[in-house]
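Data block below; observations after.
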Amino acid sequence: QNNVSSIQPLRIAIIGQSAFAVDVFNRLRQHGHIIAGVFTIPDKGKREDPLAKAAADNDVPLFKIKAWRRAGKPLPEILNIYKNVNADLNVLPYCSQFIPMDVINYPRLKSICYHPSLLPRHRGASSINWTLICDDAKAGLTIFWADDGLDTGPILLQEVCDVLENDTVDTIYKRFLYPVGVSAVARAVDMVANGTAPREPQTEKGATYDPMLNKPELQKIDWTKTARELHNFIRGMDSVPGASCLLKVPGTDEFQEALLFGSSLWRSSIPIGKEVEIQGTKSGIIHEAGLILTGSDGEYVNVKKVKVNGKMKNAATLDQISKQVTIEYTPEEKVLLESVRDIWEAILSVDIEDDTDFFACGAGSMDVVRLVEEVKDVFKVELENDDVFMAPVFSEFCLNIVQKSRGGTAQADVEYRAVELEVNKMKVRFPCQLFIDGEFVDAENGKTTPTINPATEELICDVQCASKKDVDKAVAAAKKAFENGEWSKISARERGQLMYKLADLMQQHKEELATIESIDSGAVYTLALKTHVGMSIETWRYFAGWTDKIQGCTIPVSHARPNRNLSFTRKEPIG
């Protein structure tokens, strides 16, 4: 960083918008320069651009310009307003408006611009996207002198970084282009102030102009591309505007537009999963880590998130119907949620209702960063940017953070296709499907097997008959739940409490359970009630007491005769 104190301060006109421009505004003031005026865009409804707020908060002359010209000519009244700030230099950190050359060339030191690519490569408004789409090994930024071309002016300075294989527009911007860009703009202004700023003409060799990716046809995935090209395109559109395709969500008959995010090259064997039809290419495979796509070269890409009908979903659960979860907030949580509402209102500058959508109100990626950091301070929970993308509606976001603060997730009711019988003077109701990964499902091959009441030889019902694929899926889900699920994260004492709760539930429903056991196995009802169910309840309670203790002797579950059931010796904590 230059020695700021030795630099002759300049009167700067900042022309632009966004949080990036705010940080440039603050950095230039830290370097001793005078912000003579800020020219930014008009408010969007009640939402004021962050740069406008920064100028107003610091008593800097602020001008919200709707348009700088009409019919190709500068508007005289706007030009006069601009000239009156008497700037030495224009700085355009991020500007979406067309600025007339009368303004660009008016200051004695002219104008400099920030551009997030290594010019002359990737001229245009979507330069970060194209850097990734084109699989460039290097990315970077350029500070250049503005001229009458599009990103064609002489280069003042450049900064370079490596592109990582799974970089997205968001990651490379936050990691390098944003923080280094702010420093680079400030350093460039200092160089202009002390007369050392170079003017290196851009060469046309290697120059590219890439179209702005604001048209639907430019956002569509081309399935003739290789897996690596697909990966580059998807990550180059992540998180804005999103790479689109048409797919049939399992359980539906029509193709729907879907946006894909979180891409990576898949180098492992193809996992077991459910197929999903994708227009123009081979079917994708939904599996526990996402959605597998196939490139034209036969190689694979995995995506982690899919946005359908405006709702972001984990690709791994694309085949699952979203179930409404409701929880009752405590008085303390209600107070904290009002603070969260205030944070939303401060960021979005709109009145926040339960159905307010964060992104529909104009929020960008830096707003997401701000929201996450401020809510973390209020609720004292770990949040990620994905928590906002996955729950962008205020009520959903509140539910998510409360669940996290309670240490888990609320559970929706488990749905199943029930068999109902009138037996033993009661109505019993039970499932006849497979229970895999937390839900009841039919067998993958559609097969069933009859279950017979051995006492009467009557058919009880047809039960789904698992295939090899079903068993593999169930084992994989159980392994994942055991190793990474909530059970492994809670304390031994909490595990014991849950086991006691299960025993209590069995005790509460023991007659019903014994009745089902009796008709299924042919056991005498009293035997089923006292032994099959009763001993199960005792066993759960026995192990629940073991979870947080150390024992070094052999202890039987009970002294029931003729034998002492399930005795064992352990010298380590159990559970």
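Ordered as shown in the structure tokens, chains take letters A, B, and onward, while each chain numbers its residues from 1 and ligands are numbered from 1 in the order shown.
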
How close does each residue of range 313-419 of chain A get to range 435-443 of chain A, giving the shortest atom pair and distance in Å to one decimal for every residue with an atom at most 9 Å away, counting only C-alpha atoms, sorted by chain and residue number, as CSV?
```
residue,atom,partner,partner_atom,distance
A:Val414,CA,A:Glu439,CA,6.6
A:Glu415,CA,A:Phe440,CA,7.0
A:Tyr416,CA,A:Phe440,CA,5.7
A:Arg417,CA,A:Phe440,CA,8.1
```

(request) Within 8 Å of Phe379 in chain A, counting only C-alpha atoms, which residues show up once you throw out same-chain ones fewer than 6 positions away? Write them as a PyMOL selection string, please. (result) chain A and resi 336+401+405

Any chance you could export the current selection's N, CA, C and O atoms as a PDB file, in the first residue's frame?
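Dumped to again25.pdb:
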```pdb
ATOM      1  N   LEU A 336     -36.356 -12.425  19.342  1.00  0.00           N
ATOM      2  CA  LEU A 336     -35.201 -12.489  18.440  1.00  0.00           C
ATOM      3  C   LEU A 336     -35.627 -12.396  16.976  1.00  0.00           C
ATOM      4  O   LEU A 336     -34.953 -11.763  16.162  1.00  0.00           O
ATOM      5  N   ILE A 401     -33.692 -20.788  11.023  1.00  0.00           N
ATOM      6  CA  ILE A 401     -32.724 -20.370  12.039  1.00  0.00           C
ATOM      7  C   ILE A 401     -33.148 -20.804  13.436  1.00  0.00           C
ATOM      8  O   ILE A 401     -32.301 -21.113  14.278  1.00  0.00           O
ATOM      9  N   SER A 405     -31.017 -23.087  15.919  1.00  0.00           N
ATOM     10  CA  SER A 405     -30.714 -22.657  17.287  1.00  0.00           C
ATOM     11  C   SER A 405     -31.123 -23.709  18.309  1.00  0.00           C
ATOM     12  O   SER A 405     -30.568 -23.772  19.404  1.00  0.00           O
TER      13      SER A 405
END
```

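In this comparison, which uses only C-alpha atoms, the residue of A:Val91, A:Cys432, A:Val471, A:Val38 approaching Asp190 in chain A most closely is A:Val91.
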
(request) Pick out each residue of range 423-547 of chain A that DSSP on the backbone tags as strand (DSSP E or B); I need them as a ChimeraX atom specification. (result) /A:423,426-431,434-436,439-441,448-453,458-464

Please produce a file of the residues just selected, as a short mmCIF file (atom, residue, chain, number, x, y, z; two decimals), in the first residue's frame, where the atoms kept are N, CA, C and O atoms.
```
data_model
loop_
_atom_site.label_atom_id
_atom_site.label_comp_id
_atom_site.auth_asym_id
_atom_site.auth_seq_id
_atom_site.Cartn_x
_atom_site.Cartn_y
_atom_site.Cartn_z
N VAL A 423 -59.55 -55.59 15.00
CA VAL A 423 -59.12 -56.84 15.61
C VAL A 423 -58.91 -56.63 17.09
O VAL A 423 -58.50 -55.54 17.52
N MET A 426 -60.26 -53.55 18.79
CA MET A 426 -59.65 -52.24 18.53
C MET A 426 -59.34 -52.10 17.04
O MET A 426 -59.31 -53.11 16.31
N LYS A 427 -59.17 -50.86 16.61
CA LYS A 427 -58.77 -50.59 15.22
C LYS A 427 -57.26 -50.38 15.22
O LYS A 427 -56.75 -49.50 15.92
N VAL A 428 -56.57 -51.24 14.46
CA VAL A 428 -55.12 -51.08 14.35
C VAL A 428 -54.79 -50.57 12.94
O VAL A 428 -55.45 -50.89 11.97
N ARG A 429 -53.71 -49.79 12.87
CA ARG A 429 -53.32 -49.14 11.61
C ARG A 429 -51.80 -49.25 11.49
O ARG A 429 -51.08 -48.85 12.40
N PHE A 430 -51.32 -49.79 10.37
CA PHE A 430 -49.87 -49.98 10.23
C PHE A 430 -49.47 -49.89 8.75
O PHE A 430 -50.28 -50.09 7.86
N PRO A 431 -48.19 -49.60 8.49
CA PRO A 431 -47.72 -49.47 7.11
C PRO A 431 -47.41 -50.82 6.48
O PRO A 431 -47.20 -51.82 7.18
N LEU A 434 -41.77 -50.17 2.49
CA LEU A 434 -40.39 -50.19 2.97
C LEU A 434 -40.07 -48.85 3.62
O LEU A 434 -40.51 -47.81 3.14
N PHE A 435 -39.30 -48.88 4.69
CA PHE A 435 -38.88 -47.64 5.35
C PHE A 435 -37.41 -47.41 5.02
O PHE A 435 -36.54 -48.12 5.53
N ILE A 436 -37.15 -46.43 4.13
CA ILE A 436 -35.79 -46.17 3.66
C ILE A 436 -35.50 -44.67 3.74
O ILE A 436 -36.28 -43.86 3.24
N GLU A 439 -38.36 -42.34 5.16
CA GLU A 439 -39.71 -42.28 4.59
C GLU A 439 -40.15 -43.66 4.13
O GLU A 439 -39.34 -44.54 3.84
N PHE A 440 -41.46 -43.85 4.09
CA PHE A 440 -42.03 -45.09 3.59
C PHE A 440 -42.16 -45.01 2.07
O PHE A 440 -42.69 -44.04 1.53
N VAL A 441 -41.64 -46.04 1.39
CA VAL A 441 -41.63 -46.04 -0.08
C VAL A 441 -42.03 -47.43 -0.58
O VAL A 441 -41.92 -48.42 0.14
N THR A 448 -44.43 -57.31 -4.45
CA THR A 448 -44.96 -57.42 -3.09
C THR A 448 -44.93 -58.88 -2.67
O THR A 448 -44.78 -59.79 -3.50
N THR A 449 -45.05 -59.08 -1.37
CA THR A 449 -45.14 -60.45 -0.85
C THR A 449 -46.29 -60.50 0.16
O THR A 449 -46.47 -59.55 0.94
N PRO A 450 -47.08 -61.58 0.14
CA PRO A 450 -48.22 -61.64 1.08
C PRO A 450 -47.74 -61.97 2.50
O PRO A 450 -46.80 -62.74 2.68
N THR A 451 -48.35 -61.37 3.48
CA THR A 451 -48.10 -61.75 4.87
C THR A 451 -49.40 -62.34 5.43
O THR A 451 -50.47 -61.75 5.27
N ILE A 452 -49.27 -63.54 6.04
CA ILE A 452 -50.44 -64.35 6.41
C ILE A 452 -50.55 -64.44 7.92
O ILE A 452 -49.54 -64.58 8.63
N ASN A 453 -51.76 -64.38 8.41
CA ASN A 453 -52.02 -64.62 9.82
C ASN A 453 -51.91 -66.13 10.05
O ASN A 453 -52.75 -66.89 9.57
N GLU A 458 -55.36 -66.44 7.04
CA GLU A 458 -55.95 -65.39 6.21
C GLU A 458 -54.88 -64.36 5.84
O GLU A 458 -53.93 -64.12 6.59
N LEU A 459 -55.06 -63.73 4.67
CA LEU A 459 -54.14 -62.68 4.22
C LEU A 459 -54.32 -61.43 5.08
O LEU A 459 -55.44 -60.95 5.25
N ILE A 460 -53.23 -60.97 5.65
CA ILE A 460 -53.28 -59.70 6.38
C ILE A 460 -53.17 -58.55 5.38
O ILE A 460 -54.00 -57.65 5.34
N CYS A 461 -52.13 -58.59 4.55
CA CYS A 461 -51.94 -57.57 3.50
C CYS A 461 -50.77 -58.00 2.62
O CYS A 461 -50.06 -58.97 2.92
N ASP A 462 -50.58 -57.28 1.54
CA ASP A 462 -49.40 -57.47 0.68
C ASP A 462 -48.36 -56.43 1.07
O ASP A 462 -48.62 -55.22 1.05
N VAL A 463 -47.18 -56.91 1.41
CA VAL A 463 -46.09 -56.04 1.86
C VAL A 463 -45.09 -55.85 0.73
O VAL A 463 -44.81 -56.78 -0.04
N GLN A 464 -44.58 -54.64 0.58
CA GLN A 464 -43.60 -54.35 -0.46
C GLN A 464 -42.36 -55.24 -0.26
O GLN A 464 -41.87 -55.40 0.86
#
```

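Those residues that approach Asp367 in chain A to within 7 Å, counting only C-alpha atoms, are Ile347, Ala363 and Leu371 of chain A; same-chain residues fewer than 4 positions away are not listed.
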
I need the chosen residues saved as a short mmCIF file (atom, residue, chain, number, x, y, z; two decimals), in the first residue's frame, with N, CA and C atoms.
```
data_model
loop_
_atom_site.label_atom_id
_atom_site.label_comp_id
_atom_site.auth_asym_id
_atom_site.auth_seq_id
_atom_site.Cartn_x
_atom_site.Cartn_y
_atom_site.Cartn_z
N ILE A 347 -31.80 -4.03 5.32
CA ILE A 347 -31.10 -4.42 4.08
C ILE A 347 -31.95 -4.12 2.86
N ALA A 363 -32.40 -8.16 -3.58
CA ALA A 363 -31.17 -8.45 -2.85
C ALA A 363 -30.15 -9.14 -3.75
N LEU A 371 -26.65 -10.29 5.56
CA LEU A 371 -27.75 -10.91 6.30
C LEU A 371 -27.22 -12.04 7.18
#
```

(request) Pick out the residues sitting within 7 Å of Ser264 in chain A, and hand them over as a ChimeraX atom specification; count only C-alpha atoms, and ignore anything fewer than 3 positions along from it in its own chain. (result) /A:166,231,301-303

(request) Go through range 184-304 of chain A and collect every residue that DSSP, computed from the backbone, puts in helix (DSSP H, G or I); the answer should be as number ranges by chain. (result) A: 184-193, 216-218, 227-236

I need the chosen residues saved as an mmCIF file, in the first residue's frame, with N, CA, C and O atoms.
```cif
data_model
loop_
_atom_site.group_PDB
_atom_site.id
_atom_site.type_symbol
_atom_site.label_atom_id
_atom_site.label_comp_id
_atom_site.auth_asym_id
_atom_site.auth_seq_id
_atom_site.Cartn_x
_atom_site.Cartn_y
_atom_site.Cartn_z
ATOM 1 N N ALA A 184 -7.194 -2.155 -5.336
ATOM 2 C CA ALA A 184 -6.616 -1.761 -6.616
ATOM 3 C C ALA A 184 -7.136 -0.401 -7.079
ATOM 4 O O ALA A 184 -6.378 0.425 -7.604
ATOM 5 N N VAL A 185 -8.429 -0.143 -6.879
ATOM 6 C CA VAL A 185 -8.986 1.160 -7.265
ATOM 7 C C VAL A 185 -8.322 2.270 -6.442
ATOM 8 O O VAL A 185 -7.917 3.316 -6.982
ATOM 9 N N ALA A 186 -8.190 2.043 -5.130
ATOM 10 C CA ALA A 186 -7.570 3.053 -4.270
ATOM 11 C C ALA A 186 -6.109 3.290 -4.669
ATOM 12 O O ALA A 186 -5.640 4.439 -4.713
ATOM 13 N N ARG A 187 -5.402 2.199 -4.967
ATOM 14 C CA ARG A 187 -3.994 2.340 -5.378
ATOM 15 C C ARG A 187 -3.886 3.078 -6.707
ATOM 16 O O ARG A 187 -2.993 3.915 -6.902
ATOM 17 N N ALA A 188 -4.824 2.794 -7.621
ATOM 18 C CA ALA A 188 -4.816 3.474 -8.915
ATOM 19 C C ALA A 188 -5.040 4.978 -8.747
ATOM 20 O O ALA A 188 -4.377 5.797 -9.401
ATOM 21 N N VAL A 189 -5.979 5.358 -7.872
ATOM 22 C CA VAL A 189 -6.243 6.780 -7.634
ATOM 23 C C VAL A 189 -4.999 7.449 -7.048
ATOM 24 O O VAL A 189 -4.633 8.576 -7.436
ATOM 25 N N ASP A 190 -4.321 6.753 -6.131
ATOM 26 C CA ASP A 190 -3.083 7.311 -5.552
ATOM 27 C C ASP A 190 -2.021 7.514 -6.634
ATOM 28 O O ASP A 190 -1.296 8.514 -6.634
ATOM 29 N N MET A 191 -1.944 6.566 -7.569
ATOM 30 C CA MET A 191 -0.962 6.677 -8.660
ATOM 31 C C MET A 191 -1.301 7.854 -9.573
ATOM 32 O O MET A 191 -0.418 8.586 -10.031
ATOM 33 N N VAL A 192 -2.600 8.033 -9.815
ATOM 34 C CA VAL A 192 -3.015 9.195 -10.622
ATOM 35 C C VAL A 192 -2.646 10.486 -9.885
ATOM 36 O O VAL A 192 -2.141 11.448 -10.480
ATOM 37 N N ALA A 193 -2.871 10.501 -8.568
ATOM 38 C CA ALA A 193 -2.603 11.709 -7.772
ATOM 39 C C ALA A 193 -1.129 12.088 -7.779
ATOM 40 O O ALA A 193 -0.788 13.281 -7.838
ATOM 41 N N PRO A 216 -32.687 -15.488 -21.980
ATOM 42 C CA PRO A 216 -32.913 -16.902 -21.644
ATOM 43 C C PRO A 216 -32.171 -17.876 -22.548
ATOM 44 O O PRO A 216 -31.670 -18.897 -22.076
ATOM 45 N N GLU A 217 -32.071 -17.557 -23.836
ATOM 46 C CA GLU A 217 -31.415 -18.497 -24.747
ATOM 47 C C GLU A 217 -29.922 -18.655 -24.462
ATOM 48 O O GLU A 217 -29.310 -19.682 -24.788
ATOM 49 N N LEU A 218 -29.317 -17.623 -23.836
ATOM 50 C CA LEU A 218 -27.893 -17.701 -23.502
ATOM 51 C C LEU A 218 -27.650 -18.442 -22.191
ATOM 52 O O LEU A 218 -26.504 -18.773 -21.864
ATOM 53 N N ALA A 227 -18.344 -33.155 -20.348
ATOM 54 C CA ALA A 227 -18.629 -32.972 -18.926
ATOM 55 C C ALA A 227 -17.910 -31.740 -18.376
ATOM 56 O O ALA A 227 -18.492 -30.963 -17.613
ATOM 57 N N ARG A 228 -16.649 -31.557 -18.763
ATOM 58 C CA ARG A 228 -15.917 -30.390 -18.250
ATOM 59 C C ARG A 228 -16.547 -29.093 -18.757
ATOM 60 O O ARG A 228 -16.644 -28.107 -18.020
ATOM 61 N N GLU A 229 -16.982 -29.079 -20.008
ATOM 62 C CA GLU A 229 -17.626 -27.872 -20.548
ATOM 63 C C GLU A 229 -18.964 -27.612 -19.858
ATOM 64 O O GLU A 229 -19.319 -26.453 -19.606
ATOM 65 N N LEU A 230 -19.701 -28.678 -19.543
ATOM 66 C CA LEU A 230 -20.955 -28.510 -18.794
ATOM 67 C C LEU A 230 -20.668 -27.917 -17.412
ATOM 68 O O LEU A 230 -21.350 -26.990 -16.964
ATOM 69 N N HIS A 231 -19.663 -28.480 -16.751
ATOM 70 C CA HIS A 231 -19.275 -27.990 -15.419
ATOM 71 C C HIS A 231 -18.905 -26.513 -15.473
ATOM 72 O O HIS A 231 -19.346 -25.710 -14.644
ATOM 73 N N ASN A 232 -18.106 -26.132 -16.470
ATOM 74 C CA ASN A 232 -17.686 -24.732 -16.590
ATOM 75 C C ASN A 232 -18.875 -23.814 -16.846
ATOM 76 O O ASN A 232 -18.932 -22.695 -16.312
ATOM 77 N N PHE A 233 -19.833 -24.278 -17.647
ATOM 78 C CA PHE A 233 -20.996 -23.442 -17.940
ATOM 79 C C PHE A 233 -21.864 -23.275 -16.691
ATOM 80 O O PHE A 233 -22.290 -22.156 -16.370
ATOM 81 N N ILE A 234 -22.107 -24.370 -15.974
ATOM 82 C CA ILE A 234 -22.972 -24.301 -14.788
ATOM 83 C C ILE A 234 -22.343 -23.413 -13.720
ATOM 84 O O ILE A 234 -23.001 -22.559 -13.127
ATOM 85 N N ARG A 235 -21.046 -23.590 -13.457
ATOM 86 C CA ARG A 235 -20.407 -22.756 -12.421
ATOM 87 C C ARG A 235 -20.240 -21.321 -12.890
ATOM 88 O O ARG A 235 -20.232 -20.393 -12.087
ATOM 89 N N GLY A 236 -20.147 -21.134 -14.207
ATOM 90 C CA GLY A 236 -20.061 -19.787 -14.750
ATOM 91 C C GLY A 236 -21.378 -19.021 -14.672
ATOM 92 O O GLY A 236 -21.404 -17.810 -14.882
#
```

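Every protein or nucleic acid residue with an atom no more than 10 Å from Gly362 in chain A, counting only C-alpha atoms and leaving out same-chain residues fewer than 3 positions away, appears here: Lys44, Arg47, Leu348, Asp357, Phe358, Phe359 and Asp367 of chain A.
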
For the residues selected in the previous step, produce a file with N, CA, C and O atoms as a compact mmCIF listing (two decimals), in the first residue's frame.
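Written out: part-v1.txt:
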```txt
# COMPACT_ATOMS: atom_id res chain seq x y z
N LYS A 44 -35.07 2.04 -5.97
CA LYS A 44 -36.00 1.05 -6.52
C LYS A 44 -37.10 0.84 -5.48
O LYS A 44 -36.91 0.12 -4.51
N ARG A 47 -36.16 0.98 -1.81
CA ARG A 47 -34.81 0.46 -1.65
C ARG A 47 -33.79 1.41 -2.26
O ARG A 47 -33.73 1.60 -3.47
N LEU A 348 -33.24 -4.45 2.94
CA LEU A 348 -34.10 -4.36 1.75
C LEU A 348 -34.84 -3.03 1.63
O LEU A 348 -35.33 -2.69 0.55
N ASP A 357 -40.02 -12.19 -0.11
CA ASP A 357 -38.92 -12.96 -0.69
C ASP A 357 -37.69 -12.07 -0.78
O ASP A 357 -37.73 -10.99 -1.37
N PHE A 358 -36.60 -12.51 -0.18
CA PHE A 358 -35.37 -11.72 -0.09
C PHE A 358 -34.87 -11.30 -1.48
O PHE A 358 -34.52 -10.13 -1.69
N PHE A 359 -34.87 -12.22 -2.41
CA PHE A 359 -34.30 -11.93 -3.73
C PHE A 359 -35.29 -11.21 -4.64
O PHE A 359 -34.89 -10.40 -5.47
N ASP A 367 -25.69 -8.67 -0.21
CA ASP A 367 -26.75 -8.57 0.79
C ASP A 367 -26.89 -9.87 1.56
O ASP A 367 -27.19 -9.87 2.76
```
